[in-house]
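Right, one structure below, let's go through it.
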Amino acid sequence: MKSRSGGLPLKPAKTVPKWLLISAPIALLTVAGGIGGFWWNGIAAPPTTDRNAKSIQIQVKPGTSAQAIGQELEAKGAIKSQLAWKLWTSWQAKQGKGSPQKGTYEVSPNQPLAVVAAQILEGKVVQSGFTIREGWNIKQMGEYFEKQGLFKAADFIAATTAIPKDKFPWLPDGIPHLEGFLFPETYQVPSETISPNGVVTQMLKQFEQVALPEYQKVAGSQKLSLLQWVSLASVVEKEAVIPIERPKIAGVFTTRLAKNMRLESDPTVEYGLGIKQTADRPLTFAQVKRPNPYNTYMNAGIPPGPIASPGIESLKAVLNPNSTDLLFFVAKYDGTHVFSKTLSEHVSATQAIRQQRQSGKK
């Protein structure tokens with residue numbers, strides 16, 4: 001057959017295979033995806049692989065935009081690209097995974113962008129720790145905070161004279177400071193709350209959560225007011241050294257109070273005078289006889305306020321003291337005490353302990 005033009009016969013056009021029509025776009029997408037993934041992996045990678053690289057601190061204030069955070073992170077070398085930060089945080093927001101949280105963060109330049117972003121989006125702020133020991137008073141706490149380099153002792157002491165009844169309405173009326181209600185504990189708190197007012201609030205919250213419920217359980221049948229409870233527990237805390245003796249010492253004080261006897265506790269004299277006795281330099285007769293509101297040798301009843309922060313075991317001991325006819329005890333300076341029923345027994349025990357100490361020095 002000839003063509004109408006008289007030329008050679010026309011060859012039929014070749015048909016493109018269906019597999020090529022399907023695989024070509026996929027291949028192009030794969031290549032494009034590979035290029036895109038390579039680009040993303042590059043800009044979202046850690047700025048450095050140096051494991052000894054110093055951490056970078058950043059503070060996110062309320063209302064700070066994600067864009068501003070990205071700019072600061074890039075400027076400080078915590079991420080490679082603020083563009084990558086913008087893309088990632090925008091995508092996370094669309095996934096409902098949060099937005100930047102206020103606080104202080106410590107991020108590492110050897111971590112990928114996704115890890116850095118997770119810290120800030122999840123609010124994993126820098127935590128600071130401090131430990132308040134059982135039996136410490138406000139002055140000792142202030143000295144501790146200043147020694148730790150957190151803030152001045154005077155600033156802390158000033159903060160404890162503001163009684164936040166609006167936040168903690170259970171606090172007793174008319175107290176001059178928060179002695180006794182700053183619960184002794186080891187705390188881990190956001191760094192930005194490490195301020196005199198911040199730590200006071202943390203310790204009051206801990207008292208509210210741990211100690212206050214113990215009193216509320218028996219408040220209806222308890223003769224002691226909240227202030228008296230904490231005050232007596234603080235004396236027990238200062239007198240007791242080994243845990244097993246707390247209920248016993250609380251029992252002695254409870255029995256003395258029931259008999260209208262003075263507590264006659266050395267730590268109350270020390271607190272009132274602002275001094276500290278030792279085994280080698282015990283209180284003098286003149287110091288014991290010096291009047292002050294906390295001196296339980298001179299004044300009857302429970303001191304007008306706590307002399308330290310009691311721990312939970314001392315607080316419980318006052319609510320559940322041993323039932324005893326013991327009325328006296330004297331320290332052996334090894335953490336234990338000798339307990340006596342009568343004054344003559346107490347005097348003999350005191351003399352024996354002094355003689356033993358003197359012979360030990362020879």
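Chain labels A, B, ... are given in the sequence in which chains occur in the structure tokens; within each chain residues are numbered consecutively from 1, and ligands are likewise numbered from 1 in the order shown.
DSSP on the backbone gives strand (DSSP E or B) for these parts of segment 22-127 of chain A: A:Ile56, A:Gln57, A:Ile58, A:Gln59, A:Val60, A:Gly103, A:Thr104, A:Tyr105, A:Glu106, A:Val107, A:Gln127.
The protein and nucleic acid residues lying at most 12 Å from Ala211 of chain A are Trp170, Gly180, Phe181, Leu182, Phe183, Pro184, Glu185, Met203, Leu204, Lys205, Lys217, Leu226, Trp229, Val230, Ala233, Ser309, Pro310, Gly311, Ile312, Glu313, Ser314, Leu315, Lys316 and Leu319 of chain A, with only C-alpha atoms considered and sequence neighbours fewer than 6 positions away removed.
For the set A:Pro291, A:Gly301, A:Pro196, A:Pro282, the residue with the smallest atom-to-atom gap to Ala331 of chain A is A:Pro282, counting only C-alpha atoms.
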Coordinates-based distance that separates atom CA of Ile157 of chain A from atom CA of Gln277 of chain A (Å, one decimal)
22.9 Å
Would you return as a ChimeraX atom specification the members of segment 179-288 of chain A that DSSP assigns to alpha helix (DSSP H) on this structure's backbone?
/A:196-206,212-218,226-239,246-258,266-273,285-288
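Residue neighbourhood of Glu270 of chain A, excluding near-sequence residues (fewer than 2 positions): Asp266, Pro267, Thr268, Gly272, Leu273, Gly274, Ile275, Lys276, Gln277, Leu283, Gln287, Val288, Tyr294 and Asn295 of chain A, at 9 Å, using only C-alpha atoms.
Atom pair atom CA of Lys54 of chain A / atom CA of Ala93 of chain A has a distance of 29.3 Å (rounded to one decimal).
Restricting the calculation to only C-alpha atoms, the smallest distance between Asn41 of chain A and any of A:Pro190, A:Gly70, A:Gly220, A:Pro112 is found for A:Pro112.
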Which residues are close to Val116 of chain A, i.e. within 10 Å by only C-alpha atoms, leaving aside same-chain residues fewer than 3 positions away? Reply as a PyMOL selection string.
chain A and resi 46+73+78-79+85+105-113+119-121
Dump as a short mmCIF file (atom, residue, chain, number, x, y, z; two decimals), in the first residue's frame, selection limited to N, CA and C atoms:
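And here is the file that came out, selection.cif:
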data_model
loop_
_atom_site.label_atom_id
_atom_site.label_comp_id
_atom_site.auth_asym_id
_atom_site.auth_seq_id
_atom_site.Cartn_x
_atom_site.Cartn_y
_atom_site.Cartn_z
N PRO A 46 22.45 18.88 64.38
CA PRO A 46 23.12 19.63 65.45
C PRO A 46 24.16 20.58 64.87
N LEU A 73 18.01 31.39 69.25
CA LEU A 73 18.66 30.08 69.23
C LEU A 73 19.74 30.02 68.15
N ALA A 78 22.63 27.46 69.00
CA ALA A 78 21.92 26.28 69.50
C ALA A 78 21.25 25.51 68.37
N ILE A 79 20.93 26.20 67.27
CA ILE A 79 20.38 25.55 66.08
C ILE A 79 21.08 26.13 64.85
N TRP A 85 13.65 26.08 62.25
CA TRP A 85 12.90 26.22 63.50
C TRP A 85 11.45 26.63 63.21
N TYR A 105 15.63 27.67 79.82
CA TYR A 105 16.00 26.38 79.23
C TYR A 105 17.51 26.30 79.03
N GLU A 106 18.01 25.09 79.15
CA GLU A 106 19.42 24.83 78.87
C GLU A 106 19.48 23.79 77.76
N VAL A 107 19.92 24.20 76.58
CA VAL A 107 19.94 23.31 75.42
C VAL A 107 21.38 23.08 74.98
N SER A 108 21.58 21.95 74.30
CA SER A 108 22.93 21.58 73.87
C SER A 108 23.07 21.76 72.37
N PRO A 109 24.16 22.36 71.91
CA PRO A 109 24.38 22.53 70.47
C PRO A 109 24.72 21.24 69.75
N ASN A 110 24.89 20.13 70.48
CA ASN A 110 25.12 18.85 69.80
C ASN A 110 23.86 18.00 69.74
N GLN A 111 22.70 18.67 69.93
CA GLN A 111 21.42 18.00 69.78
C GLN A 111 20.72 18.51 68.53
N PRO A 112 19.95 17.64 67.83
CA PRO A 112 19.23 18.09 66.64
C PRO A 112 18.11 19.07 67.00
N LEU A 113 17.66 19.80 66.02
CA LEU A 113 16.64 20.82 66.22
C LEU A 113 15.39 20.25 66.88
N GLN A 119 12.16 20.39 74.05
CA GLN A 119 12.37 20.94 75.39
C GLN A 119 11.52 22.18 75.61
N ILE A 120 11.51 23.05 74.63
CA ILE A 120 10.83 24.34 74.78
C ILE A 120 9.33 24.21 74.59
N LEU A 121 8.91 23.32 73.71
CA LEU A 121 7.48 23.12 73.48
C LEU A 121 6.82 22.36 74.63
#
May I have the residues within 9 Å of Gln228 of chain A as a VMD selection string, using only C-alpha atoms and disregarding those fewer than 2 positions away in the same chain?
chain A and resid 224 to 226 230 to 233 302 to 306
Spatial neighbours of segment 249-252 of chain A, 7 Å, only C-alpha atoms, chain gap at least 5 places, as a count of residues only
10
Leaving out Thr186 of chain A and any residue of its chain fewer than 6 positions from it, which residues lie within 8 Å of it when counting only C-alpha atoms, given as a list in words?
Gly129, Phe130, Thr131 and Ile132 of chain A
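You will find atom CA of Thr89 of chain A at 12.0 Å from atom CA of Ala44 of chain A.
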